[in-house]
>>> print(open('start-v3.cif').read())   # mmCIF, C-alpha atoms
data_start
loop_
_atom_site.label_atom_id
_atom_site.label_comp_id
_atom_site.auth_asym_id
_atom_site.auth_seq_id
_atom_site.Cartn_x
_atom_site.Cartn_y
_atom_site.Cartn_z
CA MET A 193 83.18 125.70 69.97
CA ALA A 194 84.98 126.15 66.66
CA ASN A 195 83.78 124.21 63.62
CA TYR A 196 86.20 121.87 61.91
CA ALA A 197 86.07 120.55 58.38
CA LYS A 198 87.85 117.56 56.84
CA SER A 199 90.43 118.84 54.37
CA THR A 200 93.14 116.35 53.45
CA ILE A 201 94.26 112.75 53.79
CA GLU A 202 97.78 111.36 53.80
CA TYR A 203 99.81 108.27 54.70
CA ILE A 204 102.02 108.61 57.75
CA THR A 205 104.53 106.48 59.57
CA GLU A 206 104.77 106.47 63.35
CA ASP A 207 106.60 104.50 66.02
CA PHE A 208 104.54 102.51 68.48
CA PRO A 209 105.57 100.12 71.28
CA THR A 210 105.04 96.47 70.36
CA ASN A 211 104.90 94.98 73.85
CA ASP A 212 101.80 94.34 75.91
CA GLY A 213 101.32 98.06 76.23
CA GLU A 214 100.92 98.52 72.48
CA LYS A 215 98.87 101.54 71.66
CA ASP A 216 95.67 101.00 69.73
CA ILE A 217 94.69 103.68 67.23
CA LYS A 218 91.10 104.54 67.85
CA LYS A 219 88.86 106.26 65.38
CA ASP A 220 88.80 110.03 65.87
CA GLU A 221 91.76 109.82 68.27
CA LEU A 222 93.68 113.07 68.47
CA VAL A 223 97.34 112.75 67.49
CA ALA A 224 98.46 116.36 67.80
CA THR A 225 98.94 117.73 71.29
CA PRO A 226 98.65 121.39 72.32
CA SER A 227 102.36 121.56 73.16
CA SER A 228 103.52 120.20 69.79
CA THR A 229 101.07 122.40 67.92
CA SER A 230 102.17 125.56 69.71
CA THR A 231 105.83 124.74 69.12
CA HIS A 232 105.32 124.30 65.39
CA THR A 233 103.16 127.40 65.25
CA ALA A 234 105.93 129.44 66.89
CA THR A 235 108.42 128.01 64.39
CA ALA A 236 106.13 128.84 61.48
CA LYS A 237 105.70 132.39 62.77
CA GLY A 238 109.47 132.77 63.03
CA ILE A 239 109.94 131.58 59.47
CA SER A 240 107.15 133.87 58.23
CA LEU A 241 108.85 136.86 59.89
CA TYR A 242 112.10 135.99 58.13
CA ALA A 243 110.18 135.64 54.86
CA VAL A 244 108.50 139.04 55.23
CA GLY A 245 111.80 140.63 56.22
CA SER A 246 113.66 139.13 53.27
CA VAL A 247 110.94 140.34 50.87
CA LEU A 248 111.07 143.91 52.20
CA VAL A 249 114.87 144.08 52.24
CA TRP A 250 115.16 142.63 48.74
CA MET A 251 112.48 144.96 47.36
CA VAL A 252 114.07 148.08 48.88
CA LEU A 253 117.59 147.18 47.74
CA ASN A 254 116.44 146.29 44.23
CA ILE A 255 114.57 149.57 43.76
CA THR A 256 117.47 151.49 45.33
CA LEU A 257 119.90 149.88 42.90
CA GLN A 258 117.74 150.75 39.89
CA PHE A 259 117.20 154.35 40.95
CA TYR A 260 120.82 154.91 41.95
CA ASN A 261 121.96 153.65 38.55
CA LYS A 262 119.57 156.03 36.80
CA TYR A 263 120.73 158.88 39.05
CA LEU A 264 124.36 158.20 38.12
CA PHE A 265 123.56 158.10 34.41
CA SER A 266 121.24 161.11 34.28
CA VAL A 267 122.41 163.47 37.04
CA GLU A 268 126.04 162.65 37.77
CA ASN A 269 126.78 161.93 34.10
CA PHE A 270 128.54 158.74 35.22
CA LYS A 271 127.59 156.81 32.08
CA PHE A 272 129.52 153.61 32.58
CA PRO A 273 126.81 150.91 32.73
CA VAL A 274 129.15 148.02 31.90
CA LEU A 275 131.57 149.02 34.68
CA ILE A 276 128.69 149.11 37.16
CA ILE A 277 127.56 145.62 36.13
CA MET A 278 131.12 144.33 36.46
CA CYS A 279 131.29 145.71 40.00
CA GLY A 280 127.88 144.28 40.86
CA THR A 281 128.77 140.83 39.49
CA THR A 282 132.04 140.86 41.40
CA ALA A 283 130.00 141.68 44.51
CA THR A 284 127.83 138.65 43.70
CA PHE A 285 130.93 136.49 43.74
CA LEU A 286 132.06 137.91 47.09
CA GLY A 287 128.58 137.54 48.58
CA THR A 288 128.04 133.94 47.53
CA ALA A 289 131.61 133.04 48.47
CA SER A 290 131.04 134.42 51.98
CA LEU A 291 127.87 132.33 52.30
CA VAL A 292 129.73 129.17 51.30
CA TYR A 293 133.18 129.56 52.88
CA ILE A 294 132.68 131.94 55.82
CA PHE A 295 129.12 131.52 57.11
CA LYS A 296 128.82 127.89 55.91
CA LEU A 297 125.20 128.50 54.95
CA SER A 298 125.41 126.67 51.65
CA GLU A 299 127.29 123.74 50.17
CA LEU A 300 129.44 123.75 47.06
CA ASN A 301 129.71 120.56 45.02
CA SER A 302 132.85 121.32 43.03
CA LYS A 303 132.85 118.02 41.16
CA GLU A 304 129.28 118.45 39.93
CA LEU A 305 129.94 122.06 38.94
CA GLN A 306 132.91 120.90 36.88
CA ASN A 307 130.70 118.32 35.18
CA GLN A 308 128.25 121.11 34.28
CA TRP A 309 130.89 123.66 33.27
CA ARG A 310 129.49 124.16 29.76
CA MET A 311 126.05 125.16 31.04
CA ILE A 312 127.62 127.26 33.82
CA PHE A 313 129.73 129.15 31.28
CA PHE A 314 126.72 129.59 28.98
CA LEU A 315 124.76 130.96 31.94
CA ALA A 316 127.62 133.36 32.72
CA ILE A 317 127.50 134.71 29.15
CA LEU A 318 123.73 135.13 29.31
CA HIS A 319 123.96 136.97 32.64
CA GLY A 320 126.80 139.23 31.54
CA VAL A 321 125.18 140.22 28.24
CA GLY A 322 121.71 140.53 29.79
CA ALA A 323 122.72 142.64 32.80
CA ALA A 324 124.98 144.92 30.74
CA SER A 325 122.25 145.39 28.13
CA GLU A 326 119.69 146.34 30.77
CA ASN A 327 121.99 148.94 32.32
CA ILE A 328 122.86 150.34 28.89
CA SER A 329 119.17 150.67 28.07
CA ILE A 330 118.56 152.70 31.24
CA VAL A 331 121.12 155.23 29.99
CA HIS A 332 118.96 155.89 26.91
CA ILE A 333 115.37 155.32 28.07
CA SER A 334 113.39 155.78 31.28
CA ILE A 335 113.12 153.09 33.94
CA SER A 336 109.35 152.92 33.32
CA LEU A 337 109.81 152.17 29.63
CA ASN A 338 112.63 149.75 30.40
CA GLN A 339 110.48 147.82 32.88
CA VAL A 340 107.49 147.66 30.53
CA ILE A 341 109.75 146.13 27.88
CA LYS A 342 111.14 143.76 30.52
CA ALA A 343 107.56 142.76 31.34
CA THR A 344 107.37 141.07 27.93
CA GLY A 345 109.78 138.43 29.28
CA PRO A 346 107.01 135.81 29.61
CA ALA A 347 106.53 135.94 25.83
CA PHE A 348 110.19 135.05 25.25
CA THR A 349 109.98 132.34 27.91
CA LEU A 350 106.86 130.77 26.38
CA VAL A 351 108.37 130.68 22.88
CA LEU A 352 111.81 129.44 23.93
CA SER A 353 110.54 126.76 26.31
CA ARG A 354 108.10 125.57 23.64
CA ILE A 355 110.93 125.28 21.08
CA PHE A 356 113.65 123.78 23.26
CA GLU A 357 111.68 121.92 25.93
CA GLY A 358 108.43 121.14 24.16
CA LYS A 359 106.40 122.68 27.00
CA HIS A 360 102.70 123.43 26.64
CA TYR A 361 100.98 126.33 28.35
CA SER A 362 97.40 127.01 29.37
CA LEU A 363 95.16 129.35 27.40
CA ALA A 364 95.13 131.81 30.34
CA LEU A 365 98.94 132.15 30.25
CA VAL A 366 99.00 132.58 26.47
CA LEU A 367 96.24 135.22 26.46
CA SER A 368 97.75 137.18 29.35
CA THR A 369 101.11 137.14 27.54
CA ILE A 370 99.47 138.52 24.39
CA VAL A 371 97.92 141.33 26.48
CA VAL A 372 101.37 142.15 27.93
CA VAL A 373 102.99 142.30 24.49
CA PHE A 374 100.14 144.40 23.05
CA GLY A 375 100.37 146.78 26.00
CA ALA A 376 104.14 147.08 25.55
CA VAL A 377 103.66 147.94 21.86
CA LEU A 378 101.22 150.72 22.77
CA THR A 379 103.63 151.97 25.45
CA VAL A 380 106.51 152.48 23.00
CA PHE A 381 104.29 153.75 20.14
CA ARG A 382 105.30 157.38 19.48
CA ASN A 383 106.62 157.55 23.03
CA PRO A 384 108.51 160.85 23.67
CA GLU A 385 111.04 158.87 25.73
CA PHE A 386 111.58 156.25 23.01
CA ASN A 387 115.16 155.62 21.87
CA PHE A 388 115.82 152.85 19.35
CA PHE A 389 119.16 151.81 20.84
CA GLY A 390 117.70 151.81 24.34
CA PHE A 391 114.75 149.73 23.10
CA ILE A 392 117.00 147.16 21.40
CA THR A 393 119.26 146.76 24.44
CA ALA A 394 116.22 146.37 26.71
CA ALA A 395 114.82 143.70 24.36
CA ILE A 396 118.19 141.89 24.32
CA SER A 397 118.25 141.99 28.12
CA THR A 398 114.73 140.52 28.25
CA LEU A 399 115.68 137.74 25.83
CA MET A 400 118.80 136.91 27.85
CA SER A 401 116.76 136.80 31.07
CA ALA A 402 114.32 134.35 29.49
CA CYS A 403 117.22 132.13 28.38
CA GLN A 404 118.73 132.37 31.86
CA SER A 405 115.52 131.12 33.48
CA ILE A 406 115.53 128.04 31.24
CA VAL A 407 119.22 127.27 31.85
CA ILE A 408 118.95 127.81 35.62
CA GLY A 409 115.86 125.60 35.67
CA LYS A 410 117.78 122.80 33.99
CA LEU A 411 120.74 123.19 36.35
CA LEU A 412 118.52 123.18 39.44
CA MET A 413 116.98 119.89 38.32
CA ASN A 414 120.27 118.42 39.48
CA PRO A 415 119.81 117.69 43.21
CA LYS A 416 123.54 118.18 43.80
CA LEU A 417 123.39 121.85 42.78
CA ASN A 418 121.75 124.87 44.42
CA ALA A 419 121.17 128.53 43.54
CA THR A 420 124.10 129.77 45.66
CA SER A 421 126.67 127.44 44.12
CA ILE A 422 125.46 128.27 40.60
CA ALA A 423 125.71 132.02 41.30
CA LEU A 424 129.20 131.59 42.76
CA ALA A 425 130.48 129.48 39.87
CA SER A 426 129.07 131.77 37.15
CA ALA A 427 129.98 135.18 38.64
CA LEU A 428 133.65 135.51 37.65
CA PRO A 429 133.16 134.00 34.16
CA SER A 430 130.38 136.55 33.70
CA VAL A 431 132.79 139.38 34.59
CA ALA A 432 135.33 137.95 32.13
CA THR A 433 132.63 137.89 29.44
CA ILE A 434 131.84 141.61 29.63
CA LEU A 435 135.38 142.79 30.43
CA PRO A 436 136.29 143.18 26.71
CA VAL A 437 133.12 145.24 26.21
CA PHE A 438 134.17 147.56 29.05
CA VAL A 439 137.71 147.93 27.69
CA TYR A 440 136.42 148.69 24.19
CA SER A 441 133.51 150.99 25.00
CA GLU A 442 134.17 152.61 28.38
CA MET A 443 137.83 152.38 29.41
CA GLU A 444 139.01 155.48 27.57
CA ASP A 445 136.03 157.59 28.65
CA LEU A 446 136.49 156.45 32.25
CA ILE A 447 140.09 157.67 32.24
CA GLU A 448 138.96 161.06 30.91
CA HIS A 449 136.19 161.20 33.52
CA GLY A 450 138.74 160.45 36.24
CA ASN A 451 141.07 163.22 35.03
CA ALA A 452 138.19 165.71 34.97
CA ASN A 453 136.42 164.78 38.22
CA GLY A 454 139.10 163.01 40.23
CA VAL A 455 139.84 159.32 40.71
CA GLY A 456 138.56 159.49 44.28
CA LYS A 457 135.04 160.25 43.10
CA ILE A 458 135.08 157.25 40.76
CA VAL A 459 136.33 154.98 43.55
CA THR A 460 133.60 156.29 45.90
CA THR A 461 130.88 155.75 43.29
CA VAL A 462 132.07 152.25 42.44
CA THR A 463 132.36 151.34 46.15
CA ILE A 464 128.81 152.51 46.91
CA ILE A 465 127.31 150.62 43.97
CA SER A 466 129.29 147.50 44.88
CA ILE A 467 128.11 147.58 48.51
CA ILE A 468 124.47 147.95 47.43
CA ALA A 469 124.89 145.14 44.90
CA PHE A 470 126.61 142.96 47.52
CA PHE A 471 123.72 143.20 49.97
CA TYR A 472 121.16 142.99 47.18
CA ASN A 473 122.58 139.69 45.94
CA LEU A 474 122.66 138.31 49.48
CA SER A 475 119.06 139.40 50.03
CA HIS A 476 118.02 137.67 46.79
CA LEU A 477 119.45 134.37 48.02
CA TRP A 478 117.76 134.82 51.39
CA LEU A 479 114.52 135.64 49.59
CA ILE A 480 114.60 132.28 47.81
CA LYS A 481 115.62 130.51 51.02
CA TYR A 482 112.77 131.83 53.16
CA THR A 483 110.05 131.83 50.48
CA SER A 484 110.45 129.66 47.40
CA ALA A 485 111.67 129.95 43.83
CA HIS A 486 108.06 130.26 42.64
CA LEU A 487 107.04 132.87 45.18
CA SER A 488 110.25 134.88 44.67
CA MET A 489 109.42 135.03 40.94
CA LEU A 490 105.97 136.39 41.77
CA ILE A 491 107.50 138.97 44.14
CA GLY A 492 109.94 139.99 41.40
CA ASN A 493 107.01 140.56 39.07
CA CYS A 494 105.35 142.78 41.67
CA LYS A 495 108.59 144.74 41.88
CA VAL A 496 108.37 145.49 38.14
CA VAL A 497 104.93 147.05 38.62
CA ILE A 498 106.14 149.17 41.55
CA LEU A 499 109.20 150.35 39.60
CA VAL A 500 107.08 151.41 36.63
CA PHE A 501 104.90 153.77 38.66
CA LEU A 502 107.61 154.96 41.07
CA SER A 503 109.91 155.99 38.23
CA MET A 504 107.05 157.93 36.62
CA LEU A 505 106.59 159.88 39.85
CA VAL A 506 110.28 160.45 40.63
CA PHE A 507 111.61 161.22 37.15
CA HIS A 508 108.40 162.80 35.76
CA THR A 509 108.49 160.56 32.72
CA ALA A 510 106.58 161.94 29.72
CA PHE A 511 103.95 159.67 28.14
CA LEU A 512 101.21 160.18 25.58
CA PRO A 513 97.68 159.01 26.51
CA ILE A 514 98.04 155.96 24.26
CA ASN A 515 101.31 155.10 26.04
CA LEU A 516 99.58 155.24 29.42
CA VAL A 517 96.80 152.95 28.15
CA GLY A 518 99.45 150.53 26.88
CA MET A 519 101.30 150.66 30.18
CA VAL A 520 98.14 149.87 32.15
CA LEU A 521 97.35 146.97 29.80
CA ALA A 522 100.89 145.62 30.09
CA VAL A 523 100.84 145.82 33.90
CA ILE A 524 97.40 144.17 34.16
CA GLY A 525 98.43 141.42 31.74
CA PHE A 526 101.65 140.94 33.66
CA ILE A 527 99.81 140.59 36.98
CA VAL A 528 97.34 138.11 35.49
CA TYR A 529 100.18 136.12 33.92
CA SER A 530 102.05 136.04 37.25
CA TYR A 531 98.94 134.81 39.06
CA PHE A 532 98.22 131.96 36.66
CA LYS A 533 101.91 131.05 36.40
CA TYR A 534 102.18 130.83 40.16
CA ARG A 535 99.10 128.62 40.37
CA GLU A 536 100.46 126.40 37.61
CA ASN A 537 103.81 126.03 39.38
CA GLN A 538 102.07 125.15 42.64
CA HIS A 539 99.97 122.52 40.87
CA GLN A 540 103.06 121.02 39.20
CA HIS A 541 104.88 120.91 42.54
CA GLN A 542 101.96 119.08 44.16
CA HIS A 543 101.78 116.64 41.24
CA GLN A 544 105.51 115.90 41.59
CA GLN A 545 104.96 115.10 45.26
CA TYR A 546 102.22 112.62 44.33
CA GLU A 547 104.56 110.93 41.88
CA LYS A 548 107.27 110.66 44.53
CA LEU A 549 104.93 108.93 46.99
CA ASP A 550 103.34 106.71 44.29
CA ILE A 551 100.52 105.63 46.58
CA SER A 552 98.05 102.89 45.59
CA SER A 553 94.72 104.18 44.33
CA ASP A 554 92.89 101.90 46.81
CA ILE A 555 93.03 104.67 49.41
CA GLU A 556 92.59 108.36 48.68
CA LEU A 557 95.70 110.50 49.17
CA THR A 558 96.10 114.26 49.36
CA LEU A 559 99.29 116.03 50.39
CA VAL A 560 99.07 117.99 53.60
CA PRO A 561 100.77 121.42 53.52
CA GLU A 562 103.27 121.73 56.35
CA LYS A 563 101.79 125.01 57.53
CA ILE A 564 98.44 123.26 58.08
CA VAL A 565 99.78 120.13 59.71
CA LYS A 566 102.08 122.03 62.03
CA GLY A 567 99.83 125.00 62.62
CA ASP A 568 96.45 125.27 64.28
CA SER A 569 95.08 122.02 62.83
CA ILE A 570 93.70 119.06 64.77
CA LEU A 571 95.00 115.75 63.39
CA VAL A 572 92.74 112.72 63.52
CA THR A 573 93.57 109.14 62.51
CA GLU A 574 91.05 106.61 61.31
CA ASP A 575 91.65 102.88 61.76
CA TYR A 576 90.95 100.32 59.06
CA SER A 577 90.61 96.60 59.66
CA SER A 578 89.53 95.12 56.31
CA GLU A 579 91.91 92.85 54.41
CA ARG A 580 91.94 95.21 51.43
CA ASP A 581 93.11 98.16 53.52
CA GLU A 582 95.68 96.04 55.35
CA GLU A 583 97.01 94.81 52.03
CA SER A 584 97.24 98.37 50.75
CA VAL A 585 99.16 99.35 53.86
CA ASN A 586 101.63 96.50 53.39
CA THR A 587 102.04 97.37 49.73
CA ASN A 588 102.61 101.03 50.42
CA ARG A 589 105.04 100.25 53.22
CA GLU A 590 107.47 99.11 50.55
CA LYS A 591 106.63 101.99 48.27
CA LEU A 592 107.33 104.48 51.00
CA LYS A 593 110.57 102.61 51.75
CA SER A 594 109.68 102.54 55.39
CA PRO A 595 112.11 100.44 57.47
CA GLU A 596 110.74 97.06 58.52
CA LYS A 597 110.91 97.26 62.31
CA LYS A 598 108.77 95.64 64.94
CA ASP A 599 108.24 98.96 66.61
CA HIS A 600 107.37 100.76 63.39
CA LYS A 601 104.09 100.63 61.52
CA ILE A 602 102.08 102.66 59.06
CA VAL A 603 98.86 104.34 60.03
CA PRO A 604 96.83 103.75 56.87
CA LYS A 605 94.93 106.98 56.87
CA LYS A 606 95.31 110.32 58.53
CA VAL A 607 92.55 112.87 58.30
CA VAL A 608 93.26 116.50 59.06
CA TYR A 609 90.51 118.68 60.46
CA HIS A 610 91.05 122.43 60.31
CA LYS A 611 89.06 125.44 61.31
CA ASP A 612 86.53 126.72 58.79
#
>>> encode(input="start-v3.cif", output="structure tokens")
Amino acid sequence: MANYAKSTIEYITEDFPTNDGEKDIKKDELVATPSSTSTHTATAKGISLYAVGSVLVWMVLNITLQFYNKYLFSVENFKFPVLIIMCGTTATFLGTASLVYIFKLSELNSKELQNQWRMIFFLAILHGVGAASENISIVHISISLNQVIKATGPAFTLVLSRIFEGKHYSLALVLSTIVVVFGAVLTVFRNPEFNFFGFITAAISTLMSACQSIVIGKLLMNPKLNATSIALASALPSVATILPVFVYSEMEDLIEHGNANGVGKIVTTVTIISIIAFFYNLSHLWLIKYTSAHLSMLIGNCKVVILVFLSMLVFHTAFLPINLVGMVLAVIGFIVYSYFKYRENQHQHQHQQYEKLDISSDIELTLVPEKIVKGDSILVTEDYSSERDEESVNTNREKLKSPEKKDHKIVPKKVVYHKD
């Protein structure tokens, strides 16, 4: 027989008949039934399959987009990074619009978006400048070097959030960030692939990404907004932001390229990159939907590590020994930072859930993860009869805003036993 260990305690509300056949809750009485458990387990497995699928699709499309851009710049001599970003951002608009208006998979609160138009427009500028800068940097430096510089993003985030939000960070996050920055410095030191303009544009892109994360975080604090609606509202303004840059820096060269190679080739190239960007942006939204914002960030960090080493293999990037040491340090620091950041986010999320429930300290409370409650766990309730416990139950009934019904009562304590 399997061993079970007590893991968590939570308040629950359940309906019970109040007539003569009222059900008494006995100590150690099983609440979960095999049929309900198997149903939830099947549902959880279905969701996990979607999550794994969304991660794989997003990862493949992201890497494909990066490598195809580099191929266009280096092999095809199609050096129009701003045009490519404009096409990709337009594809973002089409993708999010299809989710909202065609597939009805997301809601759009137009009134709330109008109220937040200043932050939406600021976000559009940050995205346009950041994305264009990253693509421009790839024209002048390798993907590996670009991604190592991008890995210093946590440093920008720590500084900016400390200045503008007054946030404090753990020693582990600060030290891992220092390791990343030190590794990035060694990576670019006397690097044969180093180009000053490419380095500056990559740094600008990293700074813009850090600012974007702060702005998006503030927007998502509004319960009336979601990631899809924000992406939809900011896409076209972002295109408008970088359109003058395209006209000034690339328009004339694009016309000459079209005369030399044919307009059809340009149209084909732009169409391919737009299709990839379209599905990539959709996959990013699905990634967040079937995982979480925190987990998707961690997956994105893993993608950076994969891109660094893949680009070295594919493009045979030249590095000095000191650059390789720096790259390894930066990657290790980045992984450590991602781990501690993820743990911190999970802890903050759990703390927020405690604050929402605001349970009296008379009875111990621990949140029960859904995957445990609805998975292979055995749920056991324990009855309490003392006046203190009964008083706590009555007090917390109001706190939980549970409807006062004769056929509705609160089970004061629910203990979850799971397999060791």
>>> resolve_selection(input="start-v3.cif", expression="the PyMOL selection byres ((chain A and resi 431-442) around 9)", output="PDB file with C-alpha atoms, keeping the file's coordinate frame")
ATOM      1  CA  LYS A 271     127.590 156.810  32.080  1.00  0.00           C
ATOM      2  CA  PHE A 272     129.520 153.610  32.580  1.00  0.00           C
ATOM      3  CA  PRO A 273     126.810 150.910  32.730  1.00  0.00           C
ATOM      4  CA  VAL A 274     129.150 148.020  31.900  1.00  0.00           C
ATOM      5  CA  LEU A 275     131.570 149.020  34.680  1.00  0.00           C
ATOM      6  CA  ILE A 277     127.560 145.620  36.130  1.00  0.00           C
ATOM      7  CA  MET A 278     131.120 144.330  36.460  1.00  0.00           C
ATOM      8  CA  CYS A 279     131.290 145.710  40.000  1.00  0.00           C
ATOM      9  CA  THR A 281     128.770 140.830  39.490  1.00  0.00           C
ATOM     10  CA  THR A 282     132.040 140.860  41.400  1.00  0.00           C
ATOM     11  CA  ALA A 316     127.620 133.360  32.720  1.00  0.00           C
ATOM     12  CA  ILE A 317     127.500 134.710  29.150  1.00  0.00           C
ATOM     13  CA  GLY A 320     126.800 139.230  31.540  1.00  0.00           C
ATOM     14  CA  VAL A 321     125.180 140.220  28.240  1.00  0.00           C
ATOM     15  CA  ALA A 324     124.980 144.920  30.740  1.00  0.00           C
ATOM     16  CA  SER A 426     129.070 131.770  37.150  1.00  0.00           C
ATOM     17  CA  ALA A 427     129.980 135.180  38.640  1.00  0.00           C
ATOM     18  CA  LEU A 428     133.650 135.510  37.650  1.00  0.00           C
ATOM     19  CA  PRO A 429     133.160 134.000  34.160  1.00  0.00           C
ATOM     20  CA  SER A 430     130.380 136.550  33.700  1.00  0.00           C
ATOM     21  CA  MET A 443     137.830 152.380  29.410  1.00  0.00           C
ATOM     22  CA  GLU A 444     139.010 155.480  27.570  1.00  0.00           C
ATOM     23  CA  ASP A 445     136.030 157.590  28.650  1.00  0.00           C
ATOM     24  CA  LEU A 446     136.490 156.450  32.250  1.00  0.00           C
ATOM     25  CA  ILE A 447     140.090 157.670  32.240  1.00  0.00           C
TER      26      ILE A 447
END
>>> atom_distance(input="start-v3.cif", atom1="atom CA of A:Ile341", atom2="atom CA of A:Lys410")
25.4 Å
>>> closest_residue(input="start-v3.cif", among="A:Tyr529, A:Tyr361, A:Phe501, A:Phe295", to="A:Val340", atoms="all atoms listed in the file")
A:Phe501
>>> closest_residue(input="start-v3.cif", among="A:Ile491, A:Lys303, A:Leu297, A:Ala289", to="A:Tyr534", atoms="only C-alpha atoms")
A:Ile491
>>> resolve_selection(input="start-v3.cif", expression="the PyMOL selection byres ((chain A and resi 401) around 8)", output="ChimeraX atom specification")
/A:318-319,322,345,397-400,402-405
>>> residues_around(input="start-v3.cif", residues="stretch 249-258 of chain A", least_positions_apart="5", cutoff="8 Å", atoms="all atoms listed in the file", output="PyMOL selection string")
chain A and resi 335+465+468-469+471-472+475-476+479+495+499
>>> atom_distance(input="start-v3.cif", atom1="atom CA of A:Ala343", atom2="atom CA of A:Asn418")
26.3 Å
>>> closest_residue(input="start-v3.cif", among="A:Ser353, A:Gln339, A:Gln538, A:Thr509", to="A:Val407", atoms="all atoms listed in the file")
A:Ser353
>>> residues_near_point(input="start-v3.cif", point="(115.6, 158.2, 36.2)", cutoff="10 Å", atoms="all atoms listed in the file", output="PDB file with C-alpha atoms, keeping the file's coordinate frame")
ATOM      1  CA  GLN A 258     117.740 150.750  39.890  1.00  0.00           C
ATOM      2  CA  PHE A 259     117.200 154.350  40.950  1.00  0.00           C
ATOM      3  CA  TYR A 260     120.820 154.910  41.950  1.00  0.00           C
ATOM      4  CA  ASN A 261     121.960 153.650  38.550  1.00  0.00           C
ATOM      5  CA  LYS A 262     119.570 156.030  36.800  1.00  0.00           C
ATOM      6  CA  TYR A 263     120.730 158.880  39.050  1.00  0.00           C
ATOM      7  CA  LEU A 264     124.360 158.200  38.120  1.00  0.00           C
ATOM      8  CA  PHE A 265     123.560 158.100  34.410  1.00  0.00           C
ATOM      9  CA  SER A 266     121.240 161.110  34.280  1.00  0.00           C
ATOM     10  CA  VAL A 267     122.410 163.470  37.040  1.00  0.00           C
ATOM     11  CA  ILE A 330     118.560 152.700  31.240  1.00  0.00           C
ATOM     12  CA  VAL A 331     121.120 155.230  29.990  1.00  0.00           C
ATOM     13  CA  ILE A 333     115.370 155.320  28.070  1.00  0.00           C
ATOM     14  CA  SER A 334     113.390 155.780  31.280  1.00  0.00           C
ATOM     15  CA  ILE A 335     113.120 153.090  33.940  1.00  0.00           C
ATOM     16  CA  SER A 336     109.350 152.920  33.320  1.00  0.00           C
ATOM     17  CA  LEU A 502     107.610 154.960  41.070  1.00  0.00           C
ATOM     18  CA  SER A 503     109.910 155.990  38.230  1.00  0.00           C
ATOM     19  CA  MET A 504     107.050 157.930  36.620  1.00  0.00           C
ATOM     20  CA  LEU A 505     106.590 159.880  39.850  1.00  0.00           C
ATOM     21  CA  VAL A 506     110.280 160.450  40.630  1.00  0.00           C
ATOM     22  CA  PHE A 507     111.610 161.220  37.150  1.00  0.00           C
ATOM     23  CA  HIS A 508     108.400 162.800  35.760  1.00  0.00           C
ATOM     24  CA  THR A 509     108.490 160.560  32.720  1.00  0.00           C
TER      25      THR A 509
END
>>> atom_distance(input="start-v3.cif", atom1="atom CA of A:Ile524", atom2="atom CA of A:Ser246")
25.6 Å
>>> closest_residue(input="start-v3.cif", among="A:Asn473, A:Thr379, A:Ser298, A:Thr349", to="A:Ile406", atoms="only C-alpha atoms")
A:Thr349
